[in-house]
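Enquirer: Structure file protein24.cif, mmCIF, C-alpha atoms, is pasted below:
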data_model
#
loop_
_atom_site.label_atom_id
_atom_site.label_comp_id
_atom_site.auth_asym_id
_atom_site.auth_seq_id
_atom_site.Cartn_x
_atom_site.Cartn_y
_atom_site.Cartn_z
CA SER Z 8 30.43 51.29 12.15
CA GLY Z 9 31.37 51.65 8.50
CA GLN Z 10 28.02 50.27 7.31
CA VAL Z 11 26.59 51.45 4.03
CA ILE Z 12 23.17 53.07 3.89
CA ARG Z 13 21.52 53.23 0.46
CA ILE Z 14 18.50 55.50 0.05
CA GLY Z 15 15.91 54.60 -2.56
CA GLN Z 16 13.05 56.55 -4.06
CA PRO Z 17 10.24 57.35 -1.61
CA SER Z 18 6.90 55.67 -2.08
CA SER Z 19 4.21 57.76 -3.74
CA ALA Z 20 1.67 56.42 -1.25
CA SER Z 21 1.84 57.95 2.21
CA ALA Z 22 -0.69 56.36 4.55
CA ALA Z 23 -1.28 57.86 7.97
CA ILE Z 24 0.76 56.07 10.65
CA ASP Z 25 -0.13 55.62 14.30
CA TRP Z 26 3.32 56.08 15.83
CA ALA Z 27 2.16 54.58 19.13
CA GLN Z 28 1.28 51.31 17.35
CA PRO Z 29 2.79 51.57 13.86
CA LEU Z 30 2.47 47.82 13.21
CA ALA Z 31 -1.08 47.40 14.49
CA GLY Z 32 -2.84 44.71 12.48
CA LYS Z 33 0.34 43.65 10.67
CA LYS Z 34 1.23 39.95 10.62
CA VAL Z 35 4.94 39.46 11.19
CA LEU Z 36 7.07 36.31 10.99
CA VAL Z 37 10.35 36.36 12.92
CA THR Z 38 12.71 33.41 12.46
CA GLY Z 39 15.09 32.39 15.23
CA ALA Z 40 12.72 34.03 17.69
CA SER Z 41 13.22 31.88 20.79
CA ARG Z 42 16.18 33.82 22.17
CA GLY Z 43 18.85 36.45 21.57
CA ILE Z 44 18.45 38.92 18.74
CA GLY Z 45 15.36 37.16 17.41
CA ALA Z 46 13.58 37.43 20.75
CA ALA Z 47 14.48 41.12 20.97
CA ILE Z 48 13.13 41.71 17.46
CA ALA Z 49 9.90 39.91 18.38
CA GLU Z 50 9.54 42.03 21.51
CA VAL Z 51 9.84 45.27 19.54
CA MET Z 52 7.41 44.07 16.90
CA ALA Z 53 4.88 43.16 19.58
CA ARG Z 54 5.42 46.48 21.34
CA ASP Z 55 4.54 48.22 18.09
CA GLY Z 56 1.31 46.27 17.70
CA ALA Z 57 2.23 43.42 15.35
CA GLN Z 58 0.52 40.03 15.33
CA LEU Z 59 3.53 37.75 15.77
CA ILE Z 60 4.42 34.39 14.34
CA CYS Z 61 7.52 33.28 16.24
CA LEU Z 62 9.55 30.57 14.51
CA ASP Z 63 12.48 28.48 15.68
CA VAL Z 64 13.76 24.91 15.51
CA PRO Z 65 11.84 22.18 17.40
CA GLN Z 66 14.79 21.84 19.82
CA ALA Z 67 13.99 25.38 21.03
CA GLN Z 68 10.30 24.64 21.58
CA ASP Z 69 10.25 25.60 25.28
CA GLY Z 70 11.82 29.02 24.73
CA LEU Z 71 9.72 29.55 21.61
CA ASP Z 72 6.46 28.79 23.44
CA GLU Z 73 7.46 31.07 26.30
CA ILE Z 74 8.19 34.12 24.18
CA ALA Z 75 5.18 33.60 21.92
CA ALA Z 76 2.86 33.36 24.94
CA ARG Z 77 4.44 36.37 26.63
CA LEU Z 78 4.08 38.52 23.52
CA GLY Z 79 0.62 37.29 22.55
CA GLY Z 80 1.95 35.66 19.41
CA ARG Z 81 1.90 32.22 17.87
CA ALA Z 82 4.73 29.68 18.04
CA LEU Z 83 5.79 27.79 14.93
CA ALA Z 84 8.45 25.10 15.47
CA MET Z 85 10.20 24.24 12.23
CA ASP Z 86 13.68 23.59 10.84
CA ILE Z 87 13.80 26.25 8.14
CA SER Z 88 16.76 24.55 6.47
CA ALA Z 89 14.63 21.48 5.69
CA PRO Z 90 13.77 21.08 1.98
CA GLU Z 91 10.04 21.26 2.64
CA ALA Z 92 10.22 24.38 4.85
CA PRO Z 93 9.62 27.04 2.13
CA THR Z 94 6.46 25.26 0.97
CA LEU Z 95 5.19 24.76 4.50
CA LEU Z 96 5.76 28.42 5.32
CA SER Z 97 3.99 29.52 2.15
CA GLU Z 98 1.00 27.36 3.04
CA ALA Z 99 0.97 28.72 6.60
CA ALA Z 100 1.11 32.32 5.34
CA LEU Z 101 -1.71 31.78 2.84
CA ALA Z 102 -3.85 30.10 5.50
CA ASP Z 103 -3.20 33.18 7.63
CA GLY Z 104 -4.38 35.54 4.89
CA GLY Z 105 -0.82 36.55 4.01
CA TRP Z 106 2.01 38.10 6.02
CA ASP Z 107 3.07 41.75 6.05
CA VAL Z 108 6.63 41.40 7.34
CA LEU Z 109 9.24 38.66 7.15
CA VAL Z 110 12.32 38.96 9.37
CA ASN Z 111 15.01 36.46 8.32
CA ASN Z 112 16.95 36.40 11.57
CA ALA Z 113 17.78 32.72 12.17
CA GLY Z 114 21.47 31.92 11.85
CA ILE Z 115 24.30 29.76 13.14
CA THR Z 116 28.07 29.89 13.56
CA ARG Z 117 30.58 27.09 13.10
CA ASP Z 118 33.85 28.90 13.62
CA LYS Z 119 37.20 27.55 12.43
CA THR Z 120 40.15 29.01 10.61
CA ILE Z 121 39.93 28.30 6.89
CA ALA Z 122 42.83 25.82 7.12
CA ASN Z 123 40.83 23.73 9.61
CA MET Z 124 37.40 24.23 8.04
CA LYS Z 125 35.63 20.95 7.29
CA ASP Z 126 33.24 20.84 4.36
CA ALA Z 127 30.25 20.11 6.63
CA LEU Z 128 30.96 23.20 8.75
CA TRP Z 129 31.12 25.38 5.65
CA GLN Z 130 27.97 23.98 4.07
CA SER Z 131 25.82 24.09 7.20
CA VAL Z 132 26.50 27.78 7.81
CA ILE Z 133 25.94 28.77 4.18
CA ASN Z 134 22.73 26.74 4.07
CA VAL Z 135 21.15 28.18 7.22
CA ASN Z 136 22.41 31.77 6.99
CA LEU Z 137 22.09 32.40 3.26
CA SER Z 138 20.49 29.71 1.12
CA THR Z 139 17.55 29.26 3.48
CA GLN Z 140 16.75 32.98 3.41
CA GLU Z 141 16.81 32.94 -0.39
CA ARG Z 142 14.58 29.87 -0.67
CA ILE Z 143 12.02 31.20 1.80
CA ASN Z 144 11.91 34.64 0.20
CA ASP Z 145 11.42 33.14 -3.25
CA ALA Z 146 8.74 30.70 -2.10
CA LEU Z 147 6.66 33.30 -0.24
CA VAL Z 148 6.83 35.79 -3.12
CA GLU Z 149 6.06 33.16 -5.76
CA ALA Z 150 3.06 31.89 -3.78
CA GLY Z 151 1.69 35.38 -3.26
CA ALA Z 152 1.93 34.77 0.48
CA LEU Z 153 3.24 38.27 1.24
CA LYS Z 154 0.71 41.09 1.23
CA ALA Z 155 0.93 44.19 -0.94
CA GLY Z 156 3.51 46.55 0.51
CA ALA Z 157 5.22 43.75 2.42
CA ARG Z 158 8.63 44.21 4.03
CA ILE Z 159 11.44 41.66 4.10
CA VAL Z 160 14.28 42.28 6.57
CA CYS Z 161 17.36 40.05 6.32
CA VAL Z 162 19.85 39.95 9.18
CA SER Z 163 23.43 40.13 7.92
CA SER Z 164 26.45 41.00 10.11
CA ILE Z 165 29.33 43.42 10.30
CA SER Z 166 31.40 40.27 9.68
CA GLY Z 167 29.87 40.22 6.21
CA ILE Z 168 31.25 43.70 5.59
CA ALA Z 169 34.62 43.64 7.36
CA GLY Z 170 35.27 39.91 7.84
CA ASN Z 171 36.48 38.27 11.04
CA LEU Z 172 39.29 35.88 11.89
CA GLY Z 173 38.06 32.30 12.17
CA GLN Z 174 34.68 33.12 10.65
CA THR Z 175 35.27 32.75 6.91
CA ASN Z 176 32.13 30.67 6.43
CA TYR Z 177 30.02 33.03 8.56
CA ALA Z 178 31.41 36.18 6.91
CA PHE Z 179 30.86 34.65 3.46
CA SER Z 180 27.24 33.80 4.29
CA LYS Z 181 26.50 37.25 5.71
CA ALA Z 182 28.16 39.03 2.77
CA GLY Z 183 25.99 36.83 0.57
CA VAL Z 184 22.88 38.09 2.37
CA ILE Z 185 23.81 41.66 1.39
CA GLY Z 186 24.38 40.61 -2.21
CA MET Z 187 21.10 38.71 -2.27
CA VAL Z 188 19.23 41.77 -1.02
CA GLN Z 189 20.86 44.03 -3.61
CA SER Z 190 19.93 41.66 -6.44
CA MET Z 191 16.35 41.07 -5.26
CA ALA Z 192 15.45 44.68 -4.36
CA PRO Z 193 14.64 45.96 -7.87
CA LEU Z 194 12.66 42.83 -8.73
CA LEU Z 195 10.61 42.97 -5.54
CA ALA Z 196 10.06 46.70 -5.96
CA GLU Z 197 8.01 45.89 -9.07
CA ARG Z 198 5.64 44.01 -6.74
CA GLY Z 199 5.55 46.80 -4.16
CA ILE Z 200 7.71 44.81 -1.73
CA THR Z 201 10.88 46.13 -0.10
CA ILE Z 202 13.84 44.04 1.05
CA ASN Z 203 16.70 45.31 3.21
CA ALA Z 204 19.69 43.93 5.08
CA VAL Z 205 20.79 45.04 8.54
CA ALA Z 206 24.31 44.27 9.75
CA PRO Z 207 24.71 44.29 13.54
CA GLY Z 208 28.10 44.23 15.19
CA PHE Z 209 29.03 41.87 18.01
CA ILE Z 210 26.14 41.32 20.42
CA GLU Z 211 26.53 39.04 23.42
CA THR Z 212 23.86 36.34 23.14
CA GLN Z 213 23.72 32.60 23.80
CA MET Z 214 24.92 31.95 20.23
#
Take the structure in this file and express it as C-alpha cells.
Expert:
Amino acid sequence: SGQVIRIGQPSSASAAIDWAQPLAGKKVLVTGASRGIGAAIAEVMARDGAQLICLDVPQAQDGLDEIAARLGGRALAMDISAPEAPTLLSEAALADGGWDVLVNNAGITRDKTIANMKDALWQSVINVNLSTQERINDALVEAGALKAGARIVCVSSISGIAGNLGQTNYAFSKAGVIGMVQSMAPLLAERGITINAVAPGFIETQM
C-alpha cells in the first residue's frame, strides 16, 4: 500500500499477555463507533476483552445504543467537535478511573474540487478529522485521564499519504493526523504513553 512503518525502541517492561483476551480489564474509548470502521474497531476490542465506551454524535444514538448493548459496552452520545467536548471527556475518563486506550476514529468527508471548495466545507473537515483529535488528546493527557502505559490510536487515511482527487480538505486533515502523531510521540513517550496513526485505504461504509 506504500504506507510507512516506523519501529521504535521496545519497552523494557514485558508483562505476560493472555492472547485469548489481550485487552481484558482495559477501558477503551472508540469515537465514531455507531457504524462502519468505528463499529468494526469496537467489535474487535470487545472480542479481545476490553470494557468499551462507544462514542458518536447524538444523531447516531440508535445505532450507538445498539452496538454498545450488543458488545456489552457503554454508549456516550456527544459531538466531539463541540468546544466543551475535551473537558467533558476528561471528566468522564477520570470518573471511570482512567482509560487505557483511546481510538480517534470519528471523521467526516465534504468532497469538492479545490476550485469549488467553500470555506465551511474546508473548516468542518479539518475541525472534526484533525483539530478535534488534537484537542481531545491534549485534554486527556493534561488531566491525567489516561492510565500509565496508555495507547492512543489515530485513524488517518491513505488519502493523507497519496492524496485523492476532490478530497483536498480530507487529504490535508489526514496528513495532519500523521504529522500530529509524529510530533506528539516523543513527548508522550516520556509519560509512558504511545501514539500511532493507521492509514486505511478505501473501505465501503455508509460514509
Enquirer: Neighbouring residues of region 23-37 of chain Z were defined as those with any atom within 10 Å, considering all atoms listed in the file; residues of the same chain fewer than 3 positions away were excluded. Please report them as an NGL selection string.
Expert: :Z and (20 or 40-41 or 45-46 or 48-49 or 52-63 or 80-83 or 96 or 100 or 103-113 or 153-154 or 157-160)
Enquirer: Between CA of Arg77 (chain Z) and CA of Ile202 (chain Z), what is the distance, to one decimal in Å?
Expert: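 Atom-to-atom, CA of Arg77 (chain Z) to CA of Ile202 (chain Z), that is 28.3 Å.
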Enquirer: So which residues get picked by the PyMOL selection byres ((chain Z and resi 119) around 9) here, written as a PyMOL selection string?
Expert: chain Z and resi 117-118+120-125+128+172-176
Enquirer: Of the candidates Z:Ala192, Z:Ile133, Z:Pro93, Z:Asn171, which shows the shortest atom-to-atom distance to Asp145 (chain Z), using all atoms listed in the file?
Expert: Z:Pro93
Enquirer: Counting all atoms listed in the file, what is within 12 Å of Thr116 (chain Z), bar same-chain residues fewer than 6 positions away, as an mmCIF file with C-alpha atoms, keeping the file's coordinate frame?
Expert:
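Resulting contents of around-v8.cif:
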data_model
loop_
_atom_site.group_PDB
_atom_site.id
_atom_site.type_symbol
_atom_site.label_atom_id
_atom_site.label_comp_id
_atom_site.auth_asym_id
_atom_site.auth_seq_id
_atom_site.Cartn_x
_atom_site.Cartn_y
_atom_site.Cartn_z
ATOM 1 C CA LEU Z 128 30.960 23.200 8.750
ATOM 2 C CA TRP Z 129 31.120 25.380 5.650
ATOM 3 C CA GLN Z 130 27.970 23.980 4.070
ATOM 4 C CA SER Z 131 25.820 24.090 7.200
ATOM 5 C CA VAL Z 132 26.500 27.780 7.810
ATOM 6 C CA ILE Z 133 25.940 28.770 4.180
ATOM 7 C CA ASN Z 134 22.730 26.740 4.070
ATOM 8 C CA VAL Z 135 21.150 28.180 7.220
ATOM 9 C CA ASN Z 136 22.410 31.770 6.990
ATOM 10 C CA SER Z 164 26.450 41.000 10.110
ATOM 11 C CA SER Z 166 31.400 40.270 9.680
ATOM 12 C CA GLY Z 173 38.060 32.300 12.170
ATOM 13 C CA GLN Z 174 34.680 33.120 10.650
ATOM 14 C CA THR Z 175 35.270 32.750 6.910
ATOM 15 C CA ASN Z 176 32.130 30.670 6.430
ATOM 16 C CA TYR Z 177 30.020 33.030 8.560
ATOM 17 C CA ALA Z 178 31.410 36.180 6.910
ATOM 18 C CA PHE Z 179 30.860 34.650 3.460
ATOM 19 C CA SER Z 180 27.240 33.800 4.290
ATOM 20 C CA LYS Z 181 26.500 37.250 5.710
ATOM 21 C CA GLN Z 213 23.720 32.600 23.800
ATOM 22 C CA MET Z 214 24.920 31.950 20.230
#
